[in-house]
Amino acid sequence: MIKNKELMRERIILAAMKVFSRYGFFKAPIHLIAKEAGVSKGLVFWYFRSKRELIIEVAKRSLPLEIIDSCLESGLSGEKILECIGKGYMKKYRDPVQRNLLLHTMALESLYEEIAKEINSLCEEKISKVAEKVFGRSSIKGKVALRAFFGGLMCYVLRKPKDVNEEVFIKNLVNITIAGFKNVRES
């Protein structure tokens with residue numbers, strides 16, 4: 001019984017991801033999410049008390065937090081953890097639904113405290129933890145290098161260059177991140 005509830009909830013979330021990706025969080029009507037999930041509108045509200053609650057769930061899932069957590073828990077360090085994050089990021093955002101949701105989610109930060117908290121976690125706590133694994137400590141220089149790394153990943157998935165494939169891009173981005181950290185004096 002509990003497994004069926006979890007499966008139904010997940011089915012609604014996956015349908016919402018598709019619909020929100022297509023229409024955005026605010027223009028997407030619940031009846032389209034219900035139709036995509038093959039359930040009634042009332043059942044959507046049985047699992048999610050409000051559209052806001054569903055938006056927050058989908059928005060959180062669109063962020064790369066699980067990629068970073070998985071790589072942090074893998075036991076990797078140095079450039080290997082950056083490669084892990086880069087590959088995970090590319091895999092997730094190769095999917096146009098995930099890519100669109102990420103963009104829609106970034107626009108929610110000022111409207112939803114819960115989303116702002118998750119983005120802050122990504123940009124502060126997660127980057128600090130990755131810096132410790134990559135550079136041996138969390139310093140301003142390391143965190144700036146990692147923000148540049150994530151910016152590079154974002155630019156790649158948003159506007160994939162025609163002249164470089166994912167693997168070559170990740171390898172070069174990792175090398176530049178590591179070299180930049182080593183060659184720049186901390187201010």
# chains A, B, ... in the order shown; residues from 1 in each chain; ligands from 1
call {"tool": "residues_around", "arguments": {"residues": "region 13-30 of chain A", "least_positions_apart": "3", "cutoff": "7 Å", "atoms": "only C-alpha atoms", "output": "ChimeraX atom specification"}}
result
/A:9-10,33-34,36-37,41,55,58,97,100-101,104
call {"tool": "write_last_selection", "arguments": {"atoms": "C-alpha atoms", "output": "tab-separated table (two decimals), in the first residue's frame"}}
result
chain	number	residue	atom	x	y	z
A	9	ARG	CA	3.29	10.53	-5.90
A	10	GLU	CA	6.31	9.99	-8.13
A	33	ILE	CA	-0.46	17.79	-14.87
A	34	ALA	CA	-3.32	15.46	-13.91
A	36	GLU	CA	-0.17	13.88	-18.12
A	37	ALA	CA	-0.13	11.66	-15.00
A	41	LYS	CA	-7.08	16.82	-10.59
A	55	ILE	CA	6.27	23.57	-7.53
A	58	VAL	CA	9.81	19.87	-8.68
A	97	VAL	CA	12.98	18.82	-19.40
A	100	ASN	CA	14.21	23.93	-18.80
A	101	LEU	CA	13.23	23.23	-15.20
A	104	HIS	CA	12.53	28.09	-14.43
call {"tool": "residues_around", "arguments": {"residues": "region 165-172 of chain A", "least_positions_apart": "4", "cutoff": "9 Å", "atoms": "only C-alpha atoms", "output": "JSON list (two decimals) with C-alpha atoms, in the first residue's frame"}}
result
[["chain", "number", "residue", "atom", "x", "y", "z"],
["A", 82, "LEU", "CA", 35.16, 17.51, -10.41],
["A", 83, "GLU", "CA", 34.96, 14.95, -13.21],
["A", 86, "GLY", "CA", 30.81, 17.39, -14.50],
["A", 87, "LYS", "CA", 29.65, 14.04, -15.89],
["A", 90, "MET", "CA", 25.99, 16.82, -18.27],
["A", 153, "LEU", "CA", 28.98, 23.67, -16.83],
["A", 156, "TYR", "CA", 27.77, 24.31, -21.78],
["A", 160, "LYS", "CA", 26.25, 23.44, -26.25],
["A", 161, "PRO", "CA", 29.24, 24.41, -28.37],
["A", 176, "ILE", "CA", 41.54, 24.98, -16.01],
["A", 177, "THR", "CA", 39.82, 24.97, -12.59]]
call {"tool": "residues_around", "arguments": {"residues": "Arg137 (chain A)", "least_positions_apart": "5", "cutoff": "12 Å", "atoms": "only C-alpha atoms", "output": "VMD selection string"}}
result
chain A and resid 77 to 78 127 to 132 142 to 143 181
call {"tool": "residues_around", "arguments": {"residues": "Leu158 (chain A)", "least_positions_apart": "6", "cutoff": "12 Å", "atoms": "only C-alpha atoms", "output": "PyMOL selection string"}}
result
chain A and resi 89-90+93-96+98-103+151-152
call {"tool": "write_last_selection", "arguments": {"atoms": "all heavy atoms", "output": "short mmCIF file (atom, residue, chain, number, x, y, z; two decimals), in the first residue's frame"}}
result
data_model
loop_
_atom_site.label_atom_id
_atom_site.label_comp_id
_atom_site.auth_asym_id
_atom_site.auth_seq_id
_atom_site.Cartn_x
_atom_site.Cartn_y
_atom_site.Cartn_z
N TYR A 89 26.38 16.29 -14.09
CA TYR A 89 25.71 17.52 -14.54
C TYR A 89 25.32 17.41 -16.01
O TYR A 89 24.18 17.70 -16.40
CB TYR A 89 26.68 18.68 -14.32
CG TYR A 89 26.05 20.05 -14.28
CD1 TYR A 89 25.71 20.63 -13.06
CD2 TYR A 89 25.83 20.78 -15.44
CE1 TYR A 89 25.17 21.91 -13.00
CE2 TYR A 89 25.29 22.05 -15.39
CZ TYR A 89 24.96 22.61 -14.17
OH TYR A 89 24.42 23.87 -14.12
N MET A 90 26.26 16.96 -16.83
CA MET A 90 25.99 16.82 -18.27
C MET A 90 24.88 15.80 -18.51
O MET A 90 23.99 16.02 -19.33
CB MET A 90 27.25 16.39 -19.02
CG MET A 90 28.35 17.41 -19.01
SD MET A 90 27.88 18.93 -19.86
CE MET A 90 29.39 19.85 -19.69
N TYR A 93 21.38 17.35 -17.33
CA TYR A 93 20.87 18.48 -18.10
C TYR A 93 20.93 18.27 -19.61
O TYR A 93 20.55 19.15 -20.36
CB TYR A 93 21.55 19.77 -17.65
CG TYR A 93 21.23 20.04 -16.20
CD1 TYR A 93 22.22 20.01 -15.24
CD2 TYR A 93 19.92 20.28 -15.79
CE1 TYR A 93 21.92 20.22 -13.89
CE2 TYR A 93 19.61 20.48 -14.46
CZ TYR A 93 20.62 20.45 -13.52
OH TYR A 93 20.31 20.65 -12.20
N ARG A 94 21.33 17.09 -20.03
CA ARG A 94 21.19 16.72 -21.44
C ARG A 94 19.71 16.58 -21.76
O ARG A 94 19.27 16.81 -22.88
CB ARG A 94 21.91 15.38 -21.66
CG ARG A 94 22.09 14.98 -23.09
CD ARG A 94 22.87 13.66 -23.21
NE ARG A 94 24.19 13.75 -22.60
CZ ARG A 94 24.68 12.83 -21.77
NH1 ARG A 94 23.99 11.76 -21.44
NH2 ARG A 94 25.89 12.99 -21.26
N ASP A 95 18.94 16.24 -20.73
CA ASP A 95 17.49 16.11 -20.85
C ASP A 95 16.88 17.52 -20.92
O ASP A 95 17.04 18.31 -20.00
CB ASP A 95 16.96 15.36 -19.63
CG ASP A 95 15.44 15.25 -19.58
OD1 ASP A 95 14.76 15.71 -20.51
OD2 ASP A 95 14.94 14.68 -18.59
N PRO A 96 16.17 17.84 -22.01
CA PRO A 96 15.61 19.19 -22.14
C PRO A 96 14.62 19.54 -21.04
O PRO A 96 14.50 20.71 -20.66
CB PRO A 96 14.96 19.20 -23.52
CG PRO A 96 14.93 17.81 -23.98
CD PRO A 96 15.90 17.01 -23.18
N GLN A 98 14.82 18.64 -17.83
CA GLN A 98 15.63 19.06 -16.67
C GLN A 98 16.28 20.41 -16.92
O GLN A 98 16.33 21.26 -16.02
CB GLN A 98 16.71 18.01 -16.37
CG GLN A 98 16.18 16.74 -15.77
CD GLN A 98 15.62 16.94 -14.39
OE1 GLN A 98 15.94 17.89 -13.67
NE2 GLN A 98 14.76 16.04 -13.97
N ARG A 99 16.78 20.62 -18.13
CA ARG A 99 17.42 21.90 -18.46
C ARG A 99 16.42 23.05 -18.34
O ARG A 99 16.71 24.08 -17.73
CB ARG A 99 18.01 21.81 -19.87
CG ARG A 99 18.94 22.92 -20.22
CD ARG A 99 19.67 22.70 -21.55
NE ARG A 99 18.81 22.32 -22.64
CZ ARG A 99 18.78 21.11 -23.22
NH1 ARG A 99 19.59 20.16 -22.81
NH2 ARG A 99 17.97 20.84 -24.22
N ASN A 100 15.24 22.88 -18.89
CA ASN A 100 14.21 23.93 -18.80
C ASN A 100 13.78 24.16 -17.36
O ASN A 100 13.60 25.30 -16.94
CB ASN A 100 12.98 23.56 -19.64
CG ASN A 100 13.25 23.65 -21.13
OD1 ASN A 100 14.22 24.27 -21.56
ND2 ASN A 100 12.41 23.03 -21.91
N LEU A 101 13.63 23.08 -16.61
CA LEU A 101 13.23 23.23 -15.20
C LEU A 101 14.29 23.98 -14.40
O LEU A 101 13.95 24.79 -13.53
CB LEU A 101 12.97 21.87 -14.57
CG LEU A 101 11.67 21.19 -14.95
CD1 LEU A 101 11.63 19.77 -14.41
CD2 LEU A 101 10.47 21.99 -14.47
N LEU A 102 15.55 23.73 -14.69
CA LEU A 102 16.62 24.46 -13.99
C LEU A 102 16.48 25.96 -14.22
O LEU A 102 16.56 26.75 -13.29
CB LEU A 102 17.99 23.96 -14.44
CG LEU A 102 19.19 24.68 -13.81
CD1 LEU A 102 19.22 24.49 -12.30
CD2 LEU A 102 20.49 24.20 -14.44
N LEU A 103 16.24 26.34 -15.45
CA LEU A 103 16.08 27.77 -15.76
C LEU A 103 14.86 28.34 -15.07
O LEU A 103 14.92 29.43 -14.50
CB LEU A 103 15.98 27.96 -17.28
CG LEU A 103 17.27 27.70 -18.04
CD1 LEU A 103 17.02 27.74 -19.54
CD2 LEU A 103 18.34 28.69 -17.64
N GLY A 151 29.74 27.62 -13.40
CA GLY A 151 29.32 28.53 -14.47
C GLY A 151 29.66 27.96 -15.84
O GLY A 151 28.87 28.06 -16.78
N GLY A 152 30.83 27.36 -15.95
CA GLY A 152 31.22 26.72 -17.20
C GLY A 152 30.28 25.58 -17.57
O GLY A 152 29.89 25.43 -18.74
#
call {"tool": "closest_residue", "arguments": {"among": "A:Lys126, A:Lys60, A:His31, A:Arg159", "to": "Leu146 (chain A)", "atoms": "only C-alpha atoms"}}
result
A:Lys126
call {"tool": "select_by_dssp", "arguments": {"residues": "region 10-163 of chain A", "states": "helix (DSSP H, G or I)", "output": "NGL selection string"}}
result
:A and (10-23 or 30-37 or 41-47 or 51-62 or 65-73 or 79-93 or 96-106 or 113-135 or 140-158)
call {"tool": "closest_residue", "arguments": {"among": "A:Val144, A:Ile12, A:Leu72, A:Ile115", "to": "Tyr47 (chain A)", "atoms": "only C-alpha atoms"}}
result
A:Ile12
call {"tool": "atom_distance", "arguments": {"atom1": "CA of Asn175 (chain A)", "atom2": "CA of Ser138 (chain A)"}}
result
18.6 Å
call {"tool": "atom_distance", "arguments": {"atom1": "CA of Cys123 (chain A)", "atom2": "CA of Glu73 (chain A)"}}
result
18.1 Å
